[in-house]
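Below is one structure; the comments refer to it alone.
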Amino acid sequence: MANYDVKDMKQAEGGRRRIEWAEREMPVLRMIKERFAKERPLAGVRVSACLHVTTETANLMKTLQVGGADVMLTASNPLSTQDDVAASLVTHDEMPVFAVKGEDNTTYYKHIHAVLDHKPQFTMDDGADLVSVLHKERRELLPEVIGGTEETTTGVIRLRAMAADKALNYPIIAVNDALTKHFFDNRYGTGQSTIDGIVRATNILLSGKTFVVAGYGWCGRGLASRARGMGANVIVTEVDPMKALEAVMDGYRVMPMMEAAVIGDIFVTLTGDLNVIDSHHMLAMKDGALVANSGHFNAEINIPALEAMAKNKRLVRQFVEEYQLANGKRIFILGEGRLINLAAAEGHPASVMDMSFANQALSLEYMVKHAAELEKRVYSVPEDIDKEIARLKLAAMGVQIDTLTEEQVKYLNSWESGT
Ligand SMILES: NC(=O)c1ccc[n+]([C@@H]2O[C@H](COP(=O)([O-])OP(=O)(O)OC[C@H]3O[C@@H](n4cnc5c(N)ncnc54)[C@H](O)[C@@H]3O)[C@@H](O)[C@H]2O)c1
C-alpha cells in the first residue's frame, strides 16, 4: 500500500476550507499550536493516531505536526471519516492518512496495521482498537512504545481492564477523565450532534415524539436535555439506581427498556454496553420505530439478531435502513447502528472538541516528558492541565471570573470561625 489510503484526492481543497472553518472555533488548540511551533516539544517523536477523521481531528494532527511529531492517522470507526479531510491532510500536510468512509471491517483493521507499521513511540486512540491490535497482533512493536492517550469512555474502560489484567504494556493518559473533556464533549457535544445526526438522516420532527434515551451518563444527560428542548417526550432507561434517580429528579420518565420499547418513536443508546436494544425489544416496538446508537460501538443494538429476524432489508434513504419483520412491523436502523453523530452528521462542533483536543495535545506533551517515570497503567489528565484548559477557554470566550481575596483564602482554610 502507498503511504496513504483515502477516497478521493480531488476533495482535498474542500477539506482544507472546512478544516480552516473548524479552526476558527478552536482558540485553545490554536494557542497550543503557536507555542508548539516555537518550542517543538514533540520533535522527532513517532505518533500513530486512531481517531475519527474529522475537521477537528485534522486541527489536532496539524498541531502535533507543528510541535515536531511524525504523525500517521487512521480512522477509529469505519463510518466516521470525512473523506475531504483525509484528502486534505495527505495533500496539504503530507500526512499519511488511512481512512475511507464506509470501509469494511477488513479494511478498517488493515488501516490500523498500516499506522502501526510506523513503529509508534506514542499511540493516540479513541476506543482502544489501536492499542488492542498492538497488544494482540503486533507485540514485536511494544518495546519501542513509550506511552499513549485515550479519548473516550469505552476506550478507557477497555484499557483499565487491560491494566487490571496486567496486560497493558505502557502508560496511557485517559483524556476522557479530564473535566474539560467529559463535562463538555460528552454532554454538550454528543447532545447536540446526536440530534443533528438523527435529523440529517431522517428529517423528522422531534416535537411531540416519544424519544427513548438508553443510558443517563454524560452523553445521555446531554442528549435527553436537548431532545426535551426540541419538544420531544423523553424517557430514560438505566441500570444504575443513582443515575436513574437523577433522571427522575431531572423530570424524565424512567422505565425498563421493555416498557419503553412499546411506546417509543425514537430510540438512542449511549451506554458503552452490549445489546441494550435486543431482539425482544425490537419485536415489541411500534411499526416505524427509529433506532440509533451514539455510544462508541454498534454492539449496543443487537443488529445480528435483527438481521436474522428480518424478512427483508432495504436502504430507504442514506443512513436509514428499513428492516421488515415477520410480525409485519418495520424497524428503521440509522447509520448501521454506528455513532449516529459521526455517521450521518459531522461529529461534535469544533468549539467543544477544542477542549478535548487541547487535552490530547497537552497530555501527549506530558507523556513525552514524563512517560519514563510512569507505571504501565491508566492515568488521569494532570489537574493543572485540566484547569489551564478551562482558564484558556474562558479567556478565549471573553469571560472573566472573580478571584479569592486573601481574607477568603484564610477563611476557607480555617476551622475556627462559625456562626
Ligand atoms: N457519540 C460520540 O461522539 C461520543 C462521545 C463521547 C462518548 N461516546 C461514547 O458514548 C458511550 C457513553 O459514554 P458516557 O461518557 O456517557 O459514559 P457514562 O459511563 O457516563 O454513561 C453510560 C451510562 O450507561 C448506563 N448503562 C450501562 N448499561 C446500560 C443498560 N443496559 N441500559 C441502560 N443504561 C445502561 C450506565 O449505568 C451509565 O450511566 C461510550 O461508549 C462512549 O465511548 C460517544
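The chains in the C-alpha cells are called A, B, ... from first to last as shown; in each chain the residues are counted from 1, and the ligands are counted from 1 in the order shown.
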
Between stretch 232-299 of chain A and stretch 66-88 of chain A, at 12 Å or less, what are the per-residue closest atom pairs and their distances in Å? Count only C-alpha atoms, order by chain and rising residue number, and return it as a Markdown table.
```
| residue | atom | partner | partner_atom | distance |
| --- | --- | --- | --- | --- |
| A:Ser294 | CA | A:Ser80 | CA | 11.7 |
| A:Gly295 | CA | A:Asn77 | CA | 11.6 |
| A:His296 | CA | A:Asn77 | CA | 8.6 |
| A:Phe297 | CA | A:Asn77 | CA | 8.5 |
| A:Asn298 | CA | A:Asn77 | CA | 10.0 |
```

Atoms to include: N, CA and C atoms. Write the selected residues as a PDB file, in the first residue's frame.
```pdb
ATOM      1  N   SER A 294     -25.411   6.157  19.772  1.00  0.00           N
ATOM      2  CA  SER A 294     -24.370   7.186  19.769  1.00  0.00           C
ATOM      3  C   SER A 294     -23.235   6.800  20.719  1.00  0.00           C
ATOM      4  N   GLY A 295     -23.286   5.568  21.219  1.00  0.00           N
ATOM      5  CA  GLY A 295     -22.175   5.043  22.013  1.00  0.00           C
ATOM      6  C   GLY A 295     -21.053   4.592  21.074  1.00  0.00           C
ATOM      7  N   HIS A 296     -19.933   4.216  21.633  1.00  0.00           N
ATOM      8  CA  HIS A 296     -18.760   4.008  20.771  1.00  0.00           C
ATOM      9  C   HIS A 296     -18.918   2.870  19.765  1.00  0.00           C
ATOM     10  N   PHE A 297     -19.474   1.745  20.204  1.00  0.00           N
ATOM     11  CA  PHE A 297     -19.591   0.593  19.292  1.00  0.00           C
ATOM     12  C   PHE A 297     -21.053   0.312  18.936  1.00  0.00           C
ATOM     13  N   ASN A 298     -21.272  -0.223  17.713  1.00  0.00           N
ATOM     14  CA  ASN A 298     -22.645  -0.527  17.289  1.00  0.00           C
ATOM     15  C   ASN A 298     -23.197  -1.769  17.993  1.00  0.00           C
TER      16      ASN A 298
END
```

**Q.** Spatial neighbours of A:Ser351, max dist 9 Å, only C-alpha atoms, sep filter under 4 positions, as number ranges by chain
**A.** A: 22-27, 189, 355

Q.
Could you go through stretch 56-260 of chain A and tell me which residues DSSP, when run on the backbone, assigns to alpha helix (DSSP H), listing them as JSON, numbers by chain?
A. {"A": [56, 57, 58, 59, 60, 61, 62, 63, 64, 65, 66, 83, 84, 85, 86, 87, 88, 89, 90, 91, 92, 93, 105, 106, 107, 108, 109, 110, 111, 112, 113, 114, 115, 116, 129, 130, 131, 132, 133, 134, 135, 136, 137, 153, 154, 155, 156, 157, 158, 159, 160, 161, 162, 163, 164, 179, 180, 181, 190, 191, 192, 193, 194, 195, 196, 197, 198, 199, 200, 201, 202, 218, 219, 220, 221, 222, 223, 224, 225, 226, 227, 228, 229, 241, 242, 243, 244, 245, 246, 247, 248, 249, 257, 258, 259, 260]}

Q) What is the atom 31 (N, counted along the ligand's line) of ligand 1-atom CA of A:Val239 distance in Å, reported with one decimal? A) 6.0 Å

(Q) Nearest residue to ligand 1 out of A:Asp354, A:Glu406, A:Glu151, A:Glu321, using only C-alpha atoms and all ligand atoms? (A)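 The shortest atom-to-atom distance to ligand 1 comes from A:Glu151.
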
**Q.** Within 9 Å of stretch 211-218 of chain A using only C-alpha atoms, minus same-chain residues under 4 positions, as number ranges by chain
**A.** A: 182-188, 190, 206, 222-224, 227-228, 232-240, 243-244, 246-247, 257, 260-261, 264-272, 276-277

Dump as a compact mmCIF listing (two decimals), in the first residue's frame, selection limited to N, CA and C atoms:
```txt
# COMPACT_ATOMS: atom_id res chain seq x y z
N HIS A 182 -15.06 15.39 29.50
CA HIS A 182 -16.39 14.76 29.53
C HIS A 182 -17.52 15.68 29.96
N PHE A 183 -17.24 16.72 30.78
CA PHE A 183 -18.31 17.67 31.13
C PHE A 183 -18.90 18.32 29.88
N PHE A 184 -18.06 18.54 28.89
CA PHE A 184 -18.47 19.38 27.76
C PHE A 184 -18.65 18.57 26.48
N ASP A 185 -17.62 17.79 26.12
CA ASP A 185 -17.65 16.99 24.89
C ASP A 185 -18.78 15.96 24.98
N ASN A 186 -18.76 15.12 26.02
CA ASN A 186 -19.74 14.04 26.12
C ASN A 186 -21.15 14.60 26.29
N ARG A 187 -21.27 15.66 27.09
CA ARG A 187 -22.61 16.18 27.39
C ARG A 187 -23.12 17.11 26.28
N TYR A 188 -22.44 18.24 26.08
CA TYR A 188 -22.98 19.21 25.11
C TYR A 188 -22.67 18.79 23.68
N THR A 190 -22.05 15.56 22.40
CA THR A 190 -22.87 14.41 21.99
C THR A 190 -24.35 14.79 21.97
N LEU A 206 -38.95 16.37 15.76
CA LEU A 206 -38.79 15.75 17.08
C LEU A 206 -39.93 16.13 18.02
N GLY A 222 -26.80 14.79 28.19
CA GLY A 222 -26.78 15.85 27.17
C GLY A 222 -27.86 15.63 26.14
N LEU A 223 -28.00 14.38 25.69
CA LEU A 223 -28.99 14.09 24.64
C LEU A 223 -30.41 14.29 25.18
N ALA A 224 -30.67 13.78 26.39
CA ALA A 224 -32.03 13.89 26.95
C ALA A 224 -32.44 15.36 27.05
N ALA A 227 -33.08 16.76 23.50
CA ALA A 227 -34.30 16.21 22.89
C ALA A 227 -35.52 16.88 23.52
N ARG A 228 -35.46 17.07 24.84
CA ARG A 228 -36.57 17.74 25.51
C ARG A 228 -36.70 19.19 24.99
N ALA A 232 -39.54 16.98 22.41
CA ALA A 232 -39.85 15.55 22.50
C ALA A 232 -40.23 15.17 23.93
N ASN A 233 -41.00 14.10 24.06
CA ASN A 233 -41.28 13.50 25.37
C ASN A 233 -40.18 12.48 25.63
N VAL A 234 -39.36 12.73 26.64
CA VAL A 234 -38.17 11.90 26.80
C VAL A 234 -38.36 10.85 27.89
N ILE A 235 -38.00 9.61 27.55
CA ILE A 235 -37.97 8.50 28.51
C ILE A 235 -36.51 8.09 28.66
N VAL A 236 -36.08 7.83 29.88
CA VAL A 236 -34.71 7.37 30.12
C VAL A 236 -34.75 5.93 30.61
N THR A 237 -33.83 5.10 30.11
CA THR A 237 -33.65 3.76 30.68
C THR A 237 -32.25 3.71 31.30
N GLU A 238 -32.12 3.04 32.42
CA GLU A 238 -30.83 2.98 33.14
C GLU A 238 -30.70 1.63 33.86
N VAL A 239 -29.47 1.31 34.27
CA VAL A 239 -29.26 0.15 35.14
C VAL A 239 -28.69 0.60 36.50
N ASP A 240 -28.24 1.87 36.56
CA ASP A 240 -27.62 2.39 37.78
C ASP A 240 -28.68 3.19 38.55
N LYS A 243 -28.10 7.06 38.78
CA LYS A 243 -28.34 7.79 37.52
C LYS A 243 -29.84 7.82 37.21
N ALA A 244 -30.51 6.69 37.51
CA ALA A 244 -31.95 6.62 37.26
C ALA A 244 -32.67 7.64 38.12
N GLU A 246 -31.41 10.39 39.35
CA GLU A 246 -31.10 11.72 38.82
C GLU A 246 -32.02 12.04 37.63
N ALA A 247 -32.22 11.06 36.77
CA ALA A 247 -33.08 11.28 35.60
C ALA A 247 -34.52 11.57 36.05
N MET A 257 -36.31 -0.89 29.50
CA MET A 257 -36.36 -0.81 28.03
C MET A 257 -37.57 -1.57 27.48
N ALA A 260 -40.40 0.74 27.62
CA ALA A 260 -40.20 1.88 26.71
C ALA A 260 -40.33 1.44 25.25
N ALA A 261 -39.94 0.19 24.98
CA ALA A 261 -39.94 -0.31 23.59
C ALA A 261 -41.33 -0.18 22.97
N GLY A 264 -42.07 3.97 22.48
CA GLY A 264 -41.11 4.92 21.89
C GLY A 264 -41.27 5.08 20.38
N ASP A 265 -40.96 6.30 19.90
CA ASP A 265 -40.89 6.54 18.45
C ASP A 265 -39.43 6.50 17.99
N ILE A 266 -38.52 7.02 18.85
CA ILE A 266 -37.10 7.11 18.50
C ILE A 266 -36.31 6.55 19.68
N PHE A 267 -35.34 5.71 19.41
CA PHE A 267 -34.52 5.10 20.47
C PHE A 267 -33.06 5.42 20.20
N VAL A 268 -32.35 5.85 21.23
CA VAL A 268 -30.91 6.09 21.06
C VAL A 268 -30.17 5.47 22.24
N THR A 269 -29.16 4.66 21.96
CA THR A 269 -28.35 4.07 23.02
C THR A 269 -27.06 4.88 23.19
N LEU A 270 -26.68 5.13 24.44
CA LEU A 270 -25.40 5.81 24.74
C LEU A 270 -24.87 5.24 26.04
N THR A 271 -24.60 3.96 26.06
CA THR A 271 -24.26 3.27 27.31
C THR A 271 -22.84 2.71 27.35
N GLY A 272 -22.27 2.41 26.18
CA GLY A 272 -21.00 1.68 26.15
C GLY A 272 -21.21 0.20 26.45
N VAL A 276 -28.12 -3.49 24.36
CA VAL A 276 -29.03 -2.70 25.20
C VAL A 276 -30.41 -2.67 24.55
N ILE A 277 -30.41 -2.64 23.22
CA ILE A 277 -31.66 -2.86 22.48
C ILE A 277 -31.50 -4.23 21.81
```

Q) Looking only at the backbone, which of the residues in stretch 127-340 of chain A does DSSP tag as strand (DSSP E), as a ChimeraX atom specification? A) /A:147-150,172-174,210-214,233-237,253-254,266-269,289-293,310-317,320-325,330-334

Using only C-alpha atoms, tabulate the residues of stretch 41-123 of chain A lying at most 8 Å from any atom of stretch 128-140 of chain A, each with its closest atom pair and that distance in Å to one decimal, by chain and increasing residue number, as a tab-separated table.
```
residue	atom	partner	partner_atom	distance
A:Cys50	CA	A:Leu130	CA	6.4
A:Ser76	CA	A:Asp129	CA	7.4
A:Ile112	CA	A:Leu130	CA	6.2
A:His113	CA	A:Val133	CA	7.9
A:Leu116	CA	A:Leu134	CA	7.3
A:Thr123	CA	A:Val131	CA	7.4
```

Q.
Using only C-alpha atoms, which protein or nucleic acid residues come within 9 Å of stretch 379-387 of chain A? Drop anything in the same chain fewer than 3 positions from it, and give the result as an MDAnalysis selection string.
A. chainID A and resid 171:181 359 362:363 366 374 390:392

Write a file of the selected residues as a tab-separated table (two decimals), in the first residue's frame, keeping all heavy atoms.
```tsv
chain	number	residue	atom	x	y	z
A	171	PRO	N	2.22	3.16	29.83
A	171	PRO	CA	1.24	4.06	30.48
A	171	PRO	C	0.38	4.81	29.46
A	171	PRO	O	0.86	5.16	28.39
A	171	PRO	CB	2.13	5.04	31.25
A	171	PRO	CG	3.44	5.02	30.55
A	171	PRO	CD	3.61	3.65	29.97
A	172	ILE	N	-0.88	5.02	29.86
A	172	ILE	CA	-1.80	5.75	28.98
A	172	ILE	C	-2.55	6.80	29.80
A	172	ILE	O	-2.96	6.53	30.93
A	172	ILE	CB	-2.79	4.77	28.32
A	172	ILE	CG1	-2.01	3.85	27.37
A	172	ILE	CG2	-3.92	5.52	27.59
A	172	ILE	CD1	-2.79	3.13	26.32
A	173	ILE	N	-2.68	7.98	29.23
A	173	ILE	CA	-3.48	9.03	29.89
A	173	ILE	C	-4.90	8.98	29.34
A	173	ILE	O	-5.11	9.00	28.12
A	173	ILE	CB	-2.86	10.43	29.68
A	173	ILE	CG1	-1.53	10.51	30.44
A	173	ILE	CG2	-3.82	11.51	30.17
A	173	ILE	CD1	-0.90	11.88	30.48
A	174	ALA	N	-5.87	8.92	30.26
A	174	ALA	CA	-7.28	8.87	29.89
A	174	ALA	C	-7.78	10.30	29.71
A	174	ALA	O	-8.19	10.96	30.67
A	174	ALA	CB	-8.07	8.16	30.98
A	175	VAL	N	-7.74	10.77	28.48
A	175	VAL	CA	-8.19	12.14	28.20
A	175	VAL	C	-9.66	12.31	28.61
A	175	VAL	O	-10.07	13.36	29.09
A	175	VAL	CB	-7.96	12.45	26.70
A	175	VAL	CG1	-8.72	13.70	26.26
A	175	VAL	CG2	-6.47	12.60	26.43
A	176	ASN	N	-10.44	11.24	28.45
A	176	ASN	CA	-11.86	11.31	28.81
A	176	ASN	C	-12.07	11.69	30.28
A	176	ASN	O	-13.10	12.28	30.62
A	176	ASN	CB	-12.55	9.98	28.52
A	176	ASN	CG	-14.06	10.09	28.62
A	176	ASN	OD1	-14.70	10.73	27.79
A	176	ASN	ND2	-14.64	9.52	29.67
A	177	ASP	N	-11.11	11.36	31.14
A	177	ASP	CA	-11.27	11.66	32.56
A	177	ASP	C	-11.18	13.15	32.87
A	177	ASP	O	-11.63	13.59	33.93
A	177	ASP	CB	-10.16	10.97	33.39
A	177	ASP	CG	-10.44	9.49	33.57
A	177	ASP	OD1	-11.45	9.01	33.04
A	177	ASP	OD2	-9.62	8.82	34.25
A	178	ALA	N	-10.58	13.94	31.97
A	178	ALA	CA	-10.46	15.37	32.24
A	178	ALA	C	-11.85	15.98	32.32
A	178	ALA	O	-12.74	15.65	31.53
A	178	ALA	CB	-9.67	16.05	31.13
A	179	LEU	N	-12.02	16.89	33.30
A	179	LEU	CA	-13.33	17.54	33.41
A	179	LEU	C	-13.60	18.37	32.16
A	179	LEU	O	-14.73	18.44	31.68
A	179	LEU	CB	-13.38	18.42	34.66
A	179	LEU	CG	-13.14	17.70	35.98
A	179	LEU	CD1	-13.30	18.65	37.16
A	179	LEU	CD2	-14.08	16.52	36.15
A	180	THR	N	-12.56	19.00	31.62
A	180	THR	CA	-12.75	19.81	30.41
A	180	THR	C	-13.02	18.94	29.19
A	180	THR	O	-13.22	19.45	28.10
A	180	THR	CB	-11.53	20.72	30.13
A	180	THR	OG1	-10.34	19.95	30.25
A	180	THR	CG2	-11.50	21.90	31.06
A	181	LYS	N	-12.98	17.61	29.35
A	181	LYS	CA	-13.40	16.72	28.27
A	181	LYS	C	-14.84	16.28	28.52
A	181	LYS	O	-15.77	16.76	27.88
A	181	LYS	CB	-12.43	15.52	28.16
A	181	LYS	CG	-12.46	14.84	26.79
A	181	LYS	CD	-13.62	13.92	26.60
A	181	LYS	CE	-13.61	13.11	25.35
A	181	LYS	NZ	-14.78	12.23	25.24
A	359	ASN	N	-6.67	18.81	25.49
A	359	ASN	CA	-6.25	17.78	26.44
A	359	ASN	C	-5.37	16.74	25.77
A	359	ASN	O	-4.39	16.26	26.35
A	359	ASN	CB	-7.48	17.08	27.03
A	359	ASN	CG	-8.04	17.81	28.24
A	359	ASN	OD1	-7.39	17.89	29.27
A	359	ASN	ND2	-9.24	18.34	28.11
A	362	LEU	N	-1.86	18.41	25.07
A	362	LEU	CA	-1.06	18.65	26.29
A	362	LEU	C	-0.75	17.34	27.01
A	362	LEU	O	0.31	17.20	27.63
A	362	LEU	CB	-1.79	19.62	27.22
A	362	LEU	CG	-2.00	21.04	26.65
A	362	LEU	CD1	-2.66	21.95	27.68
A	362	LEU	CD2	-0.69	21.68	26.17
A	363	SER	N	-1.64	16.35	26.90
A	363	SER	CA	-1.35	15.05	27.52
A	363	SER	C	-0.23	14.35	26.78
A	363	SER	O	0.63	13.69	27.40
A	363	SER	CB	-2.60	14.16	27.53
A	363	SER	OG	-3.58	14.72	28.34
A	366	TYR	N	2.91	15.95	27.86
A	366	TYR	CA	3.23	15.48	29.22
A	366	TYR	C	3.84	14.08	29.15
A	366	TYR	O	4.84	13.78	29.81
A	366	TYR	CB	1.94	15.47	30.04
A	366	TYR	CG	2.13	14.99	31.46
A	366	TYR	CD1	2.48	15.87	32.48
A	366	TYR	CD2	1.97	13.63	31.79
A	366	TYR	CE1	2.67	15.42	33.78
A	366	TYR	CE2	2.15	13.19	33.08
A	366	TYR	CZ	2.50	14.08	34.08
A	366	TYR	OH	2.69	13.64	35.36
A	374	LEU	N	6.44	6.83	34.61
A	374	LEU	CA	5.09	6.31	34.88
A	374	LEU	C	5.04	4.78	34.83
A	374	LEU	O	5.85	4.15	34.15
A	374	LEU	CB	4.10	6.89	33.86
A	374	LEU	CG	4.01	8.42	33.81
A	374	LEU	CD1	3.05	8.87	32.73
A	374	LEU	CD2	3.58	8.99	35.16
A	390	ALA	N	-9.46	25.04	31.04
A	390	ALA	CA	-10.69	25.78	31.41
A	390	ALA	C	-10.39	27.28	31.42
A	390	ALA	O	-11.19	28.10	30.94
A	390	ALA	CB	-11.20	25.31	32.76
A	391	ARG	N	-9.23	27.63	31.98
A	391	ARG	CA	-8.86	29.06	32.07
A	391	ARG	C	-8.71	29.66	30.67
A	391	ARG	O	-9.24	30.73	30.37
A	391	ARG	CB	-7.54	29.17	32.85
A	391	ARG	CG	-7.27	30.51	33.48
A	391	ARG	CD	-5.89	30.56	34.15
A	391	ARG	NE	-4.79	30.26	33.22
A	391	ARG	CZ	-4.35	31.09	32.29
A	391	ARG	NH1	-4.88	32.28	32.16
A	391	ARG	NH2	-3.35	30.73	31.49
A	392	LEU	N	-8.00	28.93	29.80
A	392	LEU	CA	-7.78	29.42	28.43
A	392	LEU	C	-9.10	29.52	27.67
A	392	LEU	O	-9.31	30.47	26.90
A	392	LEU	CB	-6.81	28.50	27.67
A	392	LEU	CG	-5.37	28.49	28.15
A	392	LEU	CD1	-4.56	27.43	27.39
A	392	LEU	CD2	-4.71	29.86	27.97
```

Show which residues sit within 10 Å of stretch 308-315 of chain A, as a short mmCIF file (atom, residue, chain, number, x, y, z; two decimals) with all heavy atoms, in the first residue's frame. Count only C-alpha atoms, and ignore same-chain residues fewer than 6 positions away.
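What follows is the written file result-v4.cif:
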```
data_model
loop_
_atom_site.label_atom_id
_atom_site.label_comp_id
_atom_site.auth_asym_id
_atom_site.auth_seq_id
_atom_site.Cartn_x
_atom_site.Cartn_y
_atom_site.Cartn_z
N SER A 279 -33.29 -8.25 20.54
CA SER A 279 -34.35 -8.70 19.63
C SER A 279 -35.75 -8.58 20.25
O SER A 279 -36.68 -8.12 19.60
CB SER A 279 -34.08 -10.13 19.19
OG SER A 279 -33.81 -10.93 20.31
N MET A 282 -36.96 -5.08 20.03
CA MET A 282 -37.31 -4.66 18.67
C MET A 282 -38.62 -5.30 18.21
O MET A 282 -39.41 -4.66 17.53
CB MET A 282 -36.15 -4.95 17.72
CG MET A 282 -34.97 -4.00 17.99
SD MET A 282 -33.62 -4.10 16.83
CE MET A 282 -32.62 -5.38 17.56
N LEU A 283 -38.84 -6.52 18.65
CA LEU A 283 -40.11 -7.19 18.28
C LEU A 283 -41.31 -6.47 18.90
O LEU A 283 -42.40 -6.47 18.34
CB LEU A 283 -40.09 -8.65 18.75
CG LEU A 283 -39.29 -9.61 17.86
CD1 LEU A 283 -39.16 -10.97 18.54
CD2 LEU A 283 -39.94 -9.76 16.49
N GLU A 321 -31.89 2.34 7.18
CA GLU A 321 -32.19 1.01 6.67
C GLU A 321 -33.50 0.50 7.27
O GLU A 321 -33.67 0.54 8.50
CB GLU A 321 -31.06 0.03 6.99
CG GLU A 321 -30.04 0.01 5.88
CD GLU A 321 -28.82 -0.81 6.24
OE1 GLU A 321 -28.34 -0.70 7.39
OE2 GLU A 321 -28.37 -1.56 5.38
N GLU A 322 -34.37 0.04 6.40
CA GLU A 322 -35.66 -0.48 6.85
C GLU A 322 -35.55 -2.00 6.98
O GLU A 322 -35.16 -2.68 6.03
CB GLU A 322 -36.72 -0.12 5.82
CG GLU A 322 -38.10 -0.66 6.14
CD GLU A 322 -39.03 -0.50 4.94
OE1 GLU A 322 -38.91 -1.32 4.01
OE2 GLU A 322 -39.83 0.43 4.92
N TYR A 323 -35.92 -2.50 8.14
CA TYR A 323 -35.98 -3.95 8.36
C TYR A 323 -37.45 -4.34 8.49
O TYR A 323 -38.14 -3.82 9.37
CB TYR A 323 -35.24 -4.35 9.65
CG TYR A 323 -33.74 -4.28 9.54
CD1 TYR A 323 -33.07 -3.06 9.65
CD2 TYR A 323 -32.97 -5.42 9.31
CE1 TYR A 323 -31.69 -2.98 9.55
CE2 TYR A 323 -31.59 -5.35 9.21
CZ TYR A 323 -30.96 -4.13 9.33
OH TYR A 323 -29.59 -4.06 9.22
N GLN A 324 -37.89 -5.23 7.62
CA GLN A 324 -39.27 -5.70 7.65
C GLN A 324 -39.31 -6.97 8.49
O GLN A 324 -38.62 -7.95 8.18
CB GLN A 324 -39.71 -5.99 6.21
CG GLN A 324 -41.12 -6.45 6.05
CD GLN A 324 -42.05 -5.26 5.78
OE1 GLN A 324 -41.74 -4.42 4.95
NE2 GLN A 324 -43.16 -5.21 6.50
N LEU A 325 -40.11 -6.96 9.56
CA LEU A 325 -40.15 -8.13 10.43
C LEU A 325 -41.31 -9.05 10.05
O LEU A 325 -42.28 -8.61 9.41
CB LEU A 325 -40.31 -7.70 11.90
CG LEU A 325 -39.22 -6.76 12.45
CD1 LEU A 325 -39.46 -6.49 13.93
CD2 LEU A 325 -37.83 -7.35 12.24
N ALA A 326 -41.22 -10.29 10.51
CA ALA A 326 -42.28 -11.27 10.19
C ALA A 326 -43.61 -10.85 10.81
O ALA A 326 -44.67 -11.20 10.30
CB ALA A 326 -41.86 -12.65 10.71
N ASN A 327 -43.57 -10.06 11.91
CA ASN A 327 -44.82 -9.61 12.53
C ASN A 327 -45.45 -8.43 11.78
O ASN A 327 -46.38 -7.81 12.27
CB ASN A 327 -44.60 -9.28 14.03
CG ASN A 327 -43.62 -8.12 14.23
OD1 ASN A 327 -43.27 -7.42 13.28
ND2 ASN A 327 -43.17 -7.93 15.46
N GLY A 328 -44.90 -8.11 10.63
CA GLY A 328 -45.49 -7.06 9.79
C GLY A 328 -44.97 -5.67 10.09
O GLY A 328 -45.23 -4.72 9.36
N LYS A 329 -44.19 -5.53 11.20
CA LYS A 329 -43.72 -4.19 11.56
C LYS A 329 -42.37 -3.87 10.91
O LYS A 329 -41.62 -4.77 10.53
CB LYS A 329 -43.60 -4.10 13.08
CG LYS A 329 -44.97 -4.21 13.77
CD LYS A 329 -44.90 -3.80 15.21
CE LYS A 329 -44.84 -4.97 16.15
NZ LYS A 329 -44.90 -4.62 17.55
N ARG A 330 -42.11 -2.58 10.79
CA ARG A 330 -40.82 -2.15 10.24
C ARG A 330 -40.00 -1.41 11.31
O ARG A 330 -40.56 -0.60 12.05
CB ARG A 330 -41.04 -1.21 9.04
CG ARG A 330 -41.60 -1.90 7.82
CD ARG A 330 -42.31 -0.93 6.92
NE ARG A 330 -43.34 -0.20 7.64
CZ ARG A 330 -43.94 0.91 7.21
NH1 ARG A 330 -43.61 1.43 6.05
NH2 ARG A 330 -44.87 1.50 7.94
N ILE A 331 -38.72 -1.72 11.34
CA ILE A 331 -37.78 -1.02 12.24
C ILE A 331 -36.77 -0.31 11.34
O ILE A 331 -36.26 -0.91 10.39
CB ILE A 331 -37.00 -2.03 13.13
CG1 ILE A 331 -37.94 -2.92 13.95
CG2 ILE A 331 -35.99 -1.32 14.01
CD1 ILE A 331 -38.59 -2.27 15.13
N PHE A 332 -36.49 0.94 11.65
CA PHE A 332 -35.50 1.67 10.86
C PHE A 332 -34.23 1.84 11.69
O PHE A 332 -34.26 2.42 12.78
CB PHE A 332 -36.04 3.04 10.45
CG PHE A 332 -37.22 2.94 9.54
CD1 PHE A 332 -38.52 3.10 10.01
CD2 PHE A 332 -37.04 2.67 8.19
CE1 PHE A 332 -39.61 2.99 9.16
CE2 PHE A 332 -38.12 2.56 7.32
CZ PHE A 332 -39.41 2.71 7.81
N ILE A 333 -33.12 1.31 11.18
CA ILE A 333 -31.84 1.47 11.86
C ILE A 333 -31.07 2.60 11.18
O ILE A 333 -30.92 2.61 9.94
CB ILE A 333 -31.00 0.17 11.79
CG1 ILE A 333 -31.72 -0.99 12.50
CG2 ILE A 333 -29.59 0.38 12.35
CD1 ILE A 333 -31.68 -0.97 14.01
#
```

Q: In Å, rounded to a single decimal, give me how far atom CA of A:Ser356 is from atom 12 (C, counted along the ligand's line) of ligand 1.
A: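 Computed distance, atom 12 (C, counted along the ligand's line) of ligand 1 to atom CA of A:Ser356, equals 15.4 Å.
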